[in-house]
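One file, final28.csv, is given below (CSV, C-alpha atoms).
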```
chain,number,residue,atom,x,y,z
A,1,MET,CA,60.7,-39.3,98.0
A,2,ILE,CA,58.1,-39.3,100.8
A,3,ARG,CA,56.7,-42.4,99.3
A,4,SER,CA,60.0,-44.1,99.3
A,5,ILE,CA,60.7,-43.1,102.9
A,6,VAL,CA,57.2,-44.3,104.0
A,7,LEU,CA,57.5,-47.6,102.2
A,8,ALA,CA,61.0,-48.2,103.4
A,9,ILE,CA,60.0,-47.6,107.0
A,10,ILE,CA,56.9,-49.7,106.8
A,11,THR,CA,58.9,-52.6,105.3
A,12,LEU,CA,61.6,-52.3,107.9
A,13,VAL,CA,59.1,-52.1,110.8
A,14,LEU,CA,57.1,-55.1,109.4
A,15,VAL,CA,60.2,-57.3,108.9
A,16,VAL,CA,61.7,-56.4,112.3
A,17,ALA,CA,58.4,-56.9,114.1
A,18,ILE,CA,57.8,-60.2,112.5
A,19,GLY,CA,61.4,-61.3,113.0
A,20,THR,CA,61.3,-60.3,116.7
A,21,ILE,CA,58.0,-62.1,117.2
A,22,GLU,CA,59.4,-65.2,115.5
A,23,VAL,CA,62.6,-65.3,117.6
A,24,VAL,CA,60.8,-64.7,120.9
A,25,PHE,CA,58.0,-67.1,120.1
A,26,ILE,CA,60.2,-69.9,119.0
A,27,ARG,CA,62.7,-69.4,121.8
A,28,ASN,CA,60.0,-69.3,124.6
A,29,SER,CA,58.0,-72.2,123.1
A,30,TYR,CA,61.0,-74.5,122.7
A,31,GLU,CA,62.3,-73.5,126.1
A,32,LYS,CA,59.1,-74.7,127.7
A,33,LEU,CA,59.2,-77.8,125.6
A,34,LYS,CA,62.8,-78.5,126.7
A,35,ASP,CA,61.8,-78.1,130.4
A,36,ASP,CA,59.0,-80.6,129.9
A,37,LEU,CA,61.3,-83.0,128.1
A,38,MET,CA,63.8,-82.8,130.9
A,39,LYS,CA,61.2,-83.7,133.4
A,40,ILE,CA,60.3,-86.7,131.3
A,41,ASP,CA,64.0,-87.5,131.1
A,42,MET,CA,64.2,-87.6,134.8
A,43,LEU,CA,61.2,-89.9,135.0
A,44,THR,CA,62.7,-92.1,132.3
A,45,GLU,CA,66.0,-92.2,134.3
A,46,ALA,CA,64.0,-93.5,137.3
A,47,GLU,CA,62.2,-95.9,134.9
A,48,ALA,CA,58.9,-94.4,136.1
A,49,VAL,CA,57.7,-92.7,133.0
A,50,THR,CA,54.2,-93.6,131.6
A,51,ASP,CA,52.1,-92.7,128.5
A,52,GLU,CA,50.1,-90.4,130.6
A,53,ASP,CA,53.2,-88.4,131.6
A,54,PHE,CA,54.2,-88.0,127.9
A,55,ARG,CA,50.7,-87.0,126.6
A,56,PRO,CA,51.0,-83.3,127.5
A,57,ILE,CA,54.2,-83.1,125.5
A,58,LEU,CA,52.5,-84.7,122.5
A,59,GLU,CA,49.6,-82.3,122.7
A,60,TYR,CA,51.9,-79.3,123.2
A,61,TRP,CA,54.1,-80.4,120.3
A,62,ALA,CA,51.2,-80.9,117.9
A,63,LYS,CA,50.2,-77.3,118.3
A,64,LEU,CA,53.8,-76.0,118.3
A,65,LYS,CA,54.7,-77.9,115.2
A,66,GLU,CA,51.9,-76.2,113.2
A,67,ARG,CA,53.0,-72.7,114.3
A,68,SER,CA,56.7,-73.5,114.0
A,69,GLU,CA,56.4,-74.4,110.4
A,70,LEU,CA,55.6,-70.8,109.6
A,71,PHE,CA,59.1,-69.9,110.6
A,72,ILE,CA,61.3,-73.0,110.6
A,73,ASN,CA,62.5,-75.3,107.9
A,74,HIS,CA,60.1,-78.2,107.8
A,75,ASN,CA,63.0,-80.6,107.8
A,76,ASP,CA,63.8,-79.6,111.4
A,77,THR,CA,60.2,-80.0,112.5
A,78,THR,CA,59.8,-83.3,110.7
A,79,GLU,CA,63.0,-84.6,112.4
A,80,PHE,CA,61.6,-83.5,115.8
A,81,ASN,CA,58.3,-85.0,115.0
A,82,MET,CA,59.8,-88.3,114.2
A,83,ARG,CA,61.8,-88.4,117.4
A,84,VAL,CA,58.8,-87.5,119.4
A,85,GLU,CA,56.9,-90.4,117.9
A,86,GLU,CA,59.8,-92.8,118.4
A,87,CYS,CA,60.0,-91.7,122.0
A,88,LYS,CA,56.3,-92.2,122.5
A,89,ALA,CA,56.7,-95.8,121.1
A,90,TYR,CA,59.6,-96.5,123.4
A,91,ILE,CA,57.7,-95.2,126.5
A,92,HIS,CA,54.7,-97.3,125.5
A,93,GLY,CA,56.9,-100.4,125.1
A,94,LYS,CA,58.6,-99.5,128.4
A,95,ASP,CA,62.0,-99.5,126.6
A,96,TYR,CA,63.5,-96.9,128.9
A,97,GLN,CA,67.0,-97.0,127.3
A,98,GLY,CA,65.5,-96.3,123.9
A,99,ALA,CA,63.3,-93.5,125.3
A,100,LYS,CA,66.3,-91.9,127.0
A,101,THR,CA,68.2,-91.9,123.7
A,102,GLN,CA,65.4,-90.2,121.9
A,103,LEU,CA,64.9,-87.7,124.7
A,104,SER,CA,68.5,-86.7,124.7
A,105,VAL,CA,68.2,-85.9,120.9
A,106,LEU,CA,64.9,-84.1,121.5
A,107,ILE,CA,66.5,-81.9,124.2
A,108,PHE,CA,69.4,-81.1,121.9
A,109,LEU,CA,67.0,-80.2,119.1
A,110,ALA,CA,64.9,-78.1,121.5
A,111,ASP,CA,68.0,-76.0,122.0
A,112,TYR,CA,69.3,-76.2,118.4
A,113,ILE,CA,66.1,-75.1,116.6
A,114,PRO,CA,65.7,-71.7,118.3
A,115,GLU,CA,69.5,-71.1,117.9
A,116,SER,CA,69.3,-71.8,114.2
A,117,ILE,CA,66.9,-69.0,113.5
A,118,SER,CA,68.5,-66.4,115.8
A,119,PRO,CA,70.2,-63.5,114.0
A,120,HIS,CA,73.7,-64.5,115.0
A,121,PHE,CA,76.8,-63.9,113.0
A,122,GLU,CA,77.3,-67.6,112.3
A,123,ASN,CA,73.7,-68.0,111.1
A,124,ILE,CA,74.0,-64.9,108.8
A,125,LEU,CA,77.2,-66.2,107.3
B,126,MET,CA,50.7,-80.5,94.3
B,127,LEU,CA,47.9,-78.2,95.5
B,128,THR,CA,50.3,-76.9,98.1
B,129,VAL,CA,52.8,-75.9,95.4
B,130,PHE,CA,50.0,-74.3,93.3
B,131,ILE,CA,48.8,-72.2,96.2
B,132,ARG,CA,52.3,-71.2,97.3
B,133,THR,CA,53.1,-70.1,93.8
B,134,ILE,CA,50.0,-67.9,93.6
B,135,ILE,CA,50.8,-66.3,96.9
B,136,ILE,CA,54.4,-65.6,95.9
B,137,PHE,CA,53.3,-64.3,92.5
B,138,ILE,CA,50.8,-61.8,94.1
B,139,ILE,CA,53.3,-60.5,96.6
B,140,VAL,CA,56.2,-60.2,94.1
B,141,SER,CA,53.8,-58.5,91.6
B,142,VAL,CA,52.8,-56.0,94.2
B,143,LEU,CA,56.4,-55.3,95.1
B,144,PHE,CA,57.4,-54.8,91.5
B,145,ARG,CA,54.4,-52.5,91.0
B,146,LEU,CA,55.5,-50.4,94.0
B,147,MET,CA,59.0,-50.3,92.5
B,148,GLY,CA,57.5,-48.5,89.6
B,149,LYS,CA,59.4,-49.7,86.5
B,150,ARG,CA,57.6,-51.4,83.7
B,151,GLN,CA,60.3,-52.3,81.2
B,152,ILE,CA,63.6,-54.1,81.7
B,153,GLY,CA,65.1,-51.5,79.4
B,154,GLU,CA,64.4,-48.7,82.0
B,155,MET,CA,66.2,-50.5,84.8
B,156,GLU,CA,69.3,-49.2,86.5
B,157,PRO,CA,72.0,-51.7,87.4
B,158,TYR,CA,70.8,-52.2,91.0
B,159,GLU,CA,67.2,-52.7,89.8
B,160,LEU,CA,68.4,-55.4,87.5
B,161,VAL,CA,70.2,-57.1,90.4
B,162,ILE,CA,67.1,-56.9,92.5
B,163,THR,CA,65.0,-58.4,89.7
B,164,LEU,CA,67.4,-61.3,89.2
B,165,LEU,CA,67.7,-61.9,92.9
B,166,ILE,CA,64.0,-61.9,93.6
B,167,ALA,CA,63.4,-64.4,90.8
B,168,ASP,CA,66.0,-66.7,92.3
B,169,ILE,CA,65.1,-66.3,95.9
B,170,VAL,CA,61.3,-66.8,95.6
B,171,SER,CA,61.7,-69.8,93.4
B,172,VAL,CA,63.2,-71.8,96.3
B,173,PRO,CA,60.1,-72.0,98.5
B,174,LEU,CA,58.0,-72.4,95.4
B,175,SER,CA,59.5,-75.8,94.6
B,176,ASP,CA,60.5,-77.0,98.0
B,177,LYS,CA,57.6,-77.3,100.4
B,178,PHE,CA,60.0,-77.8,103.3
B,179,ILE,CA,61.1,-74.2,103.1
B,180,PRO,CA,58.5,-72.0,104.8
B,181,LEU,CA,56.9,-69.5,102.4
B,182,SER,CA,57.8,-66.8,104.8
B,183,TYR,CA,61.5,-67.2,103.8
B,184,GLY,CA,60.8,-66.2,100.3
B,185,ILE,CA,58.4,-63.4,101.3
B,186,VAL,CA,60.8,-61.9,103.8
B,187,ALA,CA,63.7,-62.1,101.3
B,188,ALA,CA,61.6,-60.4,98.7
B,189,LEU,CA,60.7,-57.7,101.3
B,190,ALA,CA,64.4,-57.3,102.1
B,191,LEU,CA,65.2,-56.6,98.4
B,192,PHE,CA,62.2,-54.2,98.2
B,193,PHE,CA,63.6,-52.4,101.3
B,194,MET,CA,67.0,-52.1,99.6
B,195,HIS,CA,65.3,-50.8,96.5
B,196,GLN,CA,63.6,-48.0,98.4
B,197,LEU,CA,66.7,-47.2,100.4
B,198,THR,CA,68.7,-46.9,97.2
B,199,LEU,CA,66.1,-44.6,95.7
B,200,LEU,CA,66.4,-42.4,98.8
B,201,LEU,CA,70.2,-42.4,98.7
B,202,SER,CA,70.1,-41.6,95.0
B,203,GLN,CA,68.8,-38.1,95.9
B,204,SER,CA,72.5,-37.3,96.4
B,205,ASN,CA,74.3,-36.9,93.1
B,206,LYS,CA,77.5,-38.4,94.5
B,207,ILE,CA,75.7,-41.5,95.7
B,208,GLN,CA,73.6,-41.7,92.5
B,209,THR,CA,76.8,-41.7,90.5
B,210,ALA,CA,78.4,-44.3,92.7
B,211,ILE,CA,75.4,-46.6,92.5
B,212,SER,CA,74.3,-46.2,88.8
B,213,GLY,CA,77.3,-44.6,87.2
B,214,LYS,CA,76.9,-41.6,84.9
B,215,PRO,CA,76.1,-41.1,81.3
B,216,MET,CA,79.2,-41.4,79.1
B,217,LEU,CA,79.9,-39.6,75.9
B,218,VAL,CA,81.0,-42.4,73.6
B,219,ILE,CA,80.9,-40.6,70.3
B,220,ASP,CA,81.5,-37.0,69.5
B,221,LYS,CA,82.3,-35.1,66.3
B,222,LYS,CA,85.9,-36.4,66.4
B,223,GLY,CA,84.7,-40.0,66.5
B,224,ILE,CA,84.6,-42.8,69.0
B,225,ASN,CA,85.8,-42.0,72.5
B,226,TYR,CA,87.8,-45.2,72.8
B,227,PRO,CA,89.2,-44.8,76.4
B,228,CYS,CA,85.6,-44.2,77.5
B,229,LEU,CA,84.5,-47.4,75.7
B,230,ARG,CA,87.2,-49.4,77.4
B,231,LYS,CA,86.3,-48.0,80.8
B,232,MET,CA,82.8,-49.4,80.2
B,233,SER,CA,84.3,-52.8,79.1
B,234,MET,CA,82.7,-52.3,75.8
B,235,GLN,CA,84.1,-53.1,72.4
B,236,THR,CA,83.7,-51.1,69.2
B,237,CYS,CA,81.6,-53.8,67.6
B,238,ASP,CA,79.2,-53.7,70.6
B,239,LEU,CA,78.9,-49.9,70.1
B,240,MET,CA,78.3,-50.4,66.4
B,241,GLN,CA,75.7,-53.0,67.0
B,242,THR,CA,73.8,-50.7,69.4
B,243,MET,CA,74.0,-47.9,66.9
B,244,ARG,CA,72.6,-50.1,64.1
B,245,SER,CA,69.7,-51.2,66.3
B,246,LEU,CA,68.9,-47.5,66.5
B,247,GLY,CA,69.1,-47.1,62.8
B,248,TYR,CA,72.6,-45.5,62.6
B,249,PHE,CA,74.9,-47.6,60.4
B,250,SER,CA,77.9,-45.3,60.1
B,251,LEU,CA,80.0,-43.2,62.4
B,252,GLU,CA,79.3,-40.3,60.0
B,253,ALA,CA,75.6,-40.6,60.7
B,254,VAL,CA,76.2,-39.5,64.4
B,255,ASN,CA,77.3,-36.2,65.8
B,256,TYR,CA,77.1,-37.3,69.5
B,257,ALA,CA,76.2,-40.5,71.3
B,258,LEU,CA,75.7,-40.9,75.0
B,259,MET,CA,75.6,-44.2,76.8
B,260,GLU,CA,73.0,-43.9,79.5
B,261,THR,CA,73.3,-45.6,82.9
B,262,ASN,CA,70.6,-48.1,81.9
B,263,GLY,CA,72.6,-49.2,78.9
B,264,GLN,CA,70.6,-47.3,76.3
B,265,LEU,CA,72.3,-45.2,73.7
B,266,SER,CA,71.0,-41.6,73.1
B,267,VAL,CA,72.1,-40.2,69.8
B,268,ILE,CA,72.2,-36.7,68.1
B,269,PRO,CA,72.3,-37.6,64.4
B,270,ASN,CA,74.2,-35.8,61.7
B,271,GLU,CA,71.4,-34.5,59.6
B,272,GLU,CA,73.7,-33.5,56.7
B,273,TYR,CA,74.8,-37.2,56.3
B,274,LYS,CA,71.3,-38.3,55.4
B,275,GLU,CA,71.5,-36.3,52.1
B,276,THR,CA,74.6,-38.1,51.0
B,277,GLU,CA,74.7,-41.1,48.6
B,278,ASP,CA,76.7,-43.1,51.2
B,279,ALA,CA,73.8,-42.9,53.7
B,280,SER,CA,71.8,-45.4,51.5
B,281,LEU,CA,74.7,-47.9,51.3
B,282,LEU,CA,75.6,-50.4,54.0
B,283,PRO,CA,79.0,-49.9,55.6
B,284,ILE,CA,80.7,-53.2,56.2
B,285,PRO,CA,82.8,-53.4,59.4
B,286,VAL,CA,86.2,-54.5,58.1
B,287,ILE,CA,88.4,-53.9,61.2
B,288,THR,CA,87.2,-53.4,64.7
B,289,ASP,CA,89.4,-53.1,67.8
B,290,GLY,CA,92.5,-53.9,65.8
B,291,GLN,CA,91.1,-57.2,64.5
B,292,TRP,CA,89.8,-58.2,61.1
B,293,ALA,CA,86.0,-58.7,61.2
B,294,LYS,CA,84.9,-62.3,60.8
B,295,ASP,CA,83.3,-63.7,57.7
B,296,ILE,CA,84.2,-60.8,55.3
B,297,ALA,CA,86.4,-62.8,52.9
B,298,ASN,CA,83.7,-63.1,50.4
B,299,ARG,CA,82.9,-59.3,50.6
B,300,ILE,CA,86.2,-57.6,51.2
B,301,ASP,CA,89.5,-57.9,49.4
B,302,LYS,CA,91.5,-58.1,52.6
B,303,ASP,CA,94.9,-58.1,50.8
B,304,ALA,CA,94.0,-55.0,48.9
B,305,VAL,CA,92.8,-53.3,52.1
B,306,ALA,CA,96.0,-54.3,53.9
B,307,GLU,CA,98.0,-52.8,51.0
B,308,GLU,CA,96.1,-49.5,51.2
B,309,LEU,CA,96.6,-49.3,54.9
B,310,LYS,CA,100.3,-49.9,54.5
B,311,LYS,CA,100.5,-47.1,51.9
B,312,MET,CA,98.8,-44.8,54.5
B,313,HIS,CA,101.3,-46.0,57.1
B,314,ILE,CA,98.5,-47.2,59.3
B,315,LYS,CA,98.9,-50.3,61.4
B,316,GLN,CA,96.0,-52.7,61.6
B,317,LYS,CA,96.3,-53.0,65.4
B,318,ASP,CA,95.9,-49.3,65.8
B,319,ILE,CA,92.6,-49.2,64.0
B,320,ILE,CA,89.5,-49.2,66.2
B,321,LEU,CA,87.1,-49.0,63.4
B,322,LEU,CA,87.3,-49.4,59.6
B,323,THR,CA,84.2,-49.7,57.5
B,324,LEU,CA,83.8,-49.8,53.7
B,325,ASN,CA,80.7,-49.6,51.5
B,326,GLU,CA,80.1,-50.6,47.9
B,327,ASN,CA,81.4,-47.2,46.7
B,328,ASN,CA,84.8,-48.1,48.4
B,329,HIS,CA,84.0,-45.2,50.8
B,330,ALA,CA,85.9,-45.8,54.0
B,331,VAL,CA,85.4,-44.6,57.5
B,332,LEU,CA,88.5,-45.1,59.6
B,333,GLN,CA,89.4,-44.2,63.1
B,334,GLN,CA,92.7,-45.0,64.8
B,335,ARG,CA,93.3,-45.1,68.5
B,336,ASP,CA,93.8,-41.7,70.1
B,337,LYS,CA,93.0,-40.0,66.7
B,338,GLU,CA,90.0,-38.4,65.1
B,339,PHE,CA,88.1,-40.4,62.5
B,340,PHE,CA,88.3,-39.6,58.8
B,341,THR,CA,86.8,-40.7,55.6
B,342,LYS,CA,88.5,-41.8,52.4
B,343,ASP,CA,87.2,-42.8,49.0
B,344,PHE,CA,89.5,-45.4,47.5
B,345,GLN,CA,89.9,-45.6,43.8
B,346,ARG,CA,90.7,-49.2,44.0
B,347,LYS,CA,87.9,-51.8,44.3
B,348,LEU,CA,88.0,-53.1,47.8
B,349,VAL,CA,84.5,-54.4,48.2
B,350,PHE,CA,83.2,-57.3,46.1
B,351,GLU,CA,79.7,-57.4,44.6
B,352,GLN,CA,77.3,-59.0,47.0
B,353,GLN,CA,76.6,-62.7,46.1
B,354,ASN,CA,73.2,-64.0,47.1
B,355,GLU,CA,73.4,-67.0,49.4
B,356,GLY,CA,72.8,-70.3,47.5
B,357,SER,CA,73.7,-68.8,44.1
```
Please render this file's structure as C-alpha cells.
Amino acid sequence: MIRSIVLAIITLVLVVAIGTIEVVFIRNSYEKLKDDLMKIDMLTEAEAVTDEDFRPILEYWAKLKERSELFINHNDTTEFNMRVEECKAYIHGKDYQGAKTQLSVLIFLADYIPESISPHFENIL
Amino acid sequence: MLTVFIRTIIIFIIVSVLFRLMGKRQIGEMEPYELVITLLIADIVSVPLSDKFIPLSYGIVAALALFFMHQLTLLLSQSNKIQTAISGKPMLVIDKKGINYPCLRKMSMQTCDLMQTMRSLGYFSLEAVNYALMETNGQLSVIPNEEYKETEDASLLPIPVITDGQWAKDIANRIDKDAVAEELKKMHIKQKDIILLTLNENNHAVLQQRDKEFFTKDFQRKLVFEQQNEGS
C-alpha cells in the first residue's frame, strides 16, 4: 500500500511539474516571440524592415523550435518554421505586402500554439 | 528510420518499467481495469512510435497517466466496496443443484461458455463439479465431485445436445434429435426451458431446466449414434 501511495504521488508530482514547466515555458517563449514579431510588423508597415532587423527573430526561433518540439506537435512547429522562412524571403526581396501577410499568420500562430497545449476544457475534450 | 528505431526503444523501456512496477506477469491474472490499462497503453504509445511529428513526451505522459490510475485504483481497492465496484466479486456459477443460471445471465455468459471453461479445466460434465466460482479475473475455480470420478460415465464424453434452449450445432451425425425430442415430450419438458442437456454413449443424460435443479437420467432408447471417424 505504501508503495502504491509513493508511486502514485511521484507520478503525479512528476507529471504536474513537467506539465507546468511546459505550459509556462511555451507561453513565455511564444509571448516574447510574438512581441518581437509585432515590432517587425510595425517596421514592415512603415516599409523600413531589413534582414538585420529580422535576424534576432531567426536566431531566437531556431533555439525555440528545438525545445518546442519536446512538447508541441511537430506539424505546428513545421508550419511556423515555413512561415518564418517565407517571411525572411519576402523581407530580403523587399516584398513588404508578402512579409506583412506572413507576419500576421506568425503572430496568430504565436498565440495559437501556447493555447493549444493549455489544459483548457476545449483542449481536453 | 533511425528516429523511429530509437523512439521505439525508449518507449519500450519506459512501458516495460511501468508494467514491472504494476506487478502482474500474466494476462490471466489481470483484473478488468488492468486489462483496460494494458490495451490503452498499447494503443497510446503506438502513436508516437509511428508518427515522428508527435512528440515522444505525449506517449510517455499518457503511459504515466495510466500508471497513475493503476496505482490509484490499487489504493482505492483497499475498500471492499470500491473493490467490488471496480472489479466485481466472485460469483458462484455452479453448486450442488446445478448451474446458477440467473448468475450466468448477469455476467452475460451463456451455458456453452461455462461448459467450455469447465472443459478447459478438465471437467466435462456437470456431475463432475460440486461448486464452481467465477473469479473477477475470469478464471473458474472448481471444487470437484470426487465420487463422480469412480463412475463409468466419468470416462465417457458428454455431448452437449441442448444449451440455453437451443439445439447444439453439428450434432445431427451423433444424436438422434427426433428421438431426443420425443423423450423430452414424454417428460413434459420444453426444449426452450432447458439450459443444459448432455448425453454420452451410454445414453446417460444430464439435464437442467431453468429455475430447477439438474438431474440425470439413463435412457433405455439409443439416442447417441456410434462415432464415425472423419473421412470413413
Using all atoms listed in the file, I'd like a table of the residues in chain B that come within 9 Å of chain A; for each, show the closest atom pair and its distance in Å rounded to one decimal, ordered by chain and ascending number, as CSV.
```
residue,atom,partner,partner_atom,distance
B:Leu146,CA,A:Leu7,CA,8.9
B:Lys177,CA,A:His74,CA,7.9
B:Phe178,CA,A:His74,CA,4.5
B:Ile179,CA,A:Asn73,CA,5.1
B:Pro180,CA,A:Leu70,CA,5.7
B:Leu181,CA,A:Leu70,CA,7.4
B:Ser182,CA,A:Leu70,CA,6.6
B:Tyr183,CA,A:Phe71,CA,7.7
B:Val186,CA,A:Val15,CA,6.9
B:Leu189,CA,A:Thr11,CA,6.7
B:Ala190,CA,A:Thr11,CA,7.9
B:Phe192,CA,A:Thr11,CA,8.0
B:Phe193,CA,A:Ala8,CA,5.4
B:Met194,CA,A:Ala8,CA,8.1
B:His195,CA,A:Ala8,CA,8.5
B:Gln196,CA,A:Ser4,CA,5.4
B:Leu197,CA,A:Ala8,CA,6.5
B:Leu199,CA,A:Ser4,CA,7.1
B:Leu200,CA,A:Met1,CA,6.5
B:Gln203,CA,A:Met1,CA,8.5
```
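Those residues that approach Ile138 of chain B to within 12 Å, counting only C-alpha atoms, are Ile131, Arg132, Thr133, Leu143, Phe144, Arg145, Val170, Ile185 and Ala188 of chain B; same-chain residues fewer than 5 positions away are not listed.
With atom CA of Ala330 of chain B on one side and atom CA of Gly263 of chain B on the other, the separation reads 28.4 Å.
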#### Entry: Contact residues around Tyr90 of chain A with all atoms listed in the file at 9 Å, ignoring same-chain residues under 5 positions, as JSON, numbers by chain
{"A": [85, 95, 96, 97, 98, 99, 100, 102]}
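Note that the spacing between atom CA of Lys88 of chain A and atom CA of Phe25 of chain A amounts to 25.3 Å.
Minimum atom-to-atom distance to Phe350 of chain B, evaluated using only C-alpha atoms, belongs to B:Asn298 out of B:Ser212, B:Thr163, B:Asn298, B:Asn262.
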### Query
Contacts of Thr50 of chain A at 8 Å or less, counting only C-alpha atoms, minus same-chain residues fewer than 4 places along, as an MDAnalysis selection string?
chainID A and resid 54 91:92
For Trp292 of chain B, find every residue with an atom within 9 Å (counting all atoms listed in the file), except residues of its own chain fewer than 5 positions away, and show them as a short mmCIF file (atom, residue, chain, number, x, y, z; two decimals) with C-alpha atoms, in the coordinates of the input.
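Output saved as around.cif:
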```
data_model
loop_
_atom_site.label_atom_id
_atom_site.label_comp_id
_atom_site.auth_asym_id
_atom_site.auth_seq_id
_atom_site.Cartn_x
_atom_site.Cartn_y
_atom_site.Cartn_z
CA PRO B 285 82.80 -53.40 59.40
CA VAL B 286 86.20 -54.50 58.10
CA ILE B 287 88.40 -53.90 61.20
CA LYS B 302 91.50 -58.10 52.60
CA GLN B 316 96.00 -52.70 61.60
#
```
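For the residues A:Ala89, A:Leu125, A:Ile26, A:Ile57, ranking by smallest atom-to-atom distance to Ile40 of chain A using only C-alpha atoms places A:Ile57 first.
Atom CA of Ser280 of chain B sits 27.9 Å away from atom CA of Ile314 of chain B.
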### Query
Do you know which residues lie at most 7 Å from (72.1, -35.7, 67.0), with coordinates as in the file and all atoms listed in the file counted, and could you write them as a PyMOL selection string?
chain B and resi 254-256+267-270
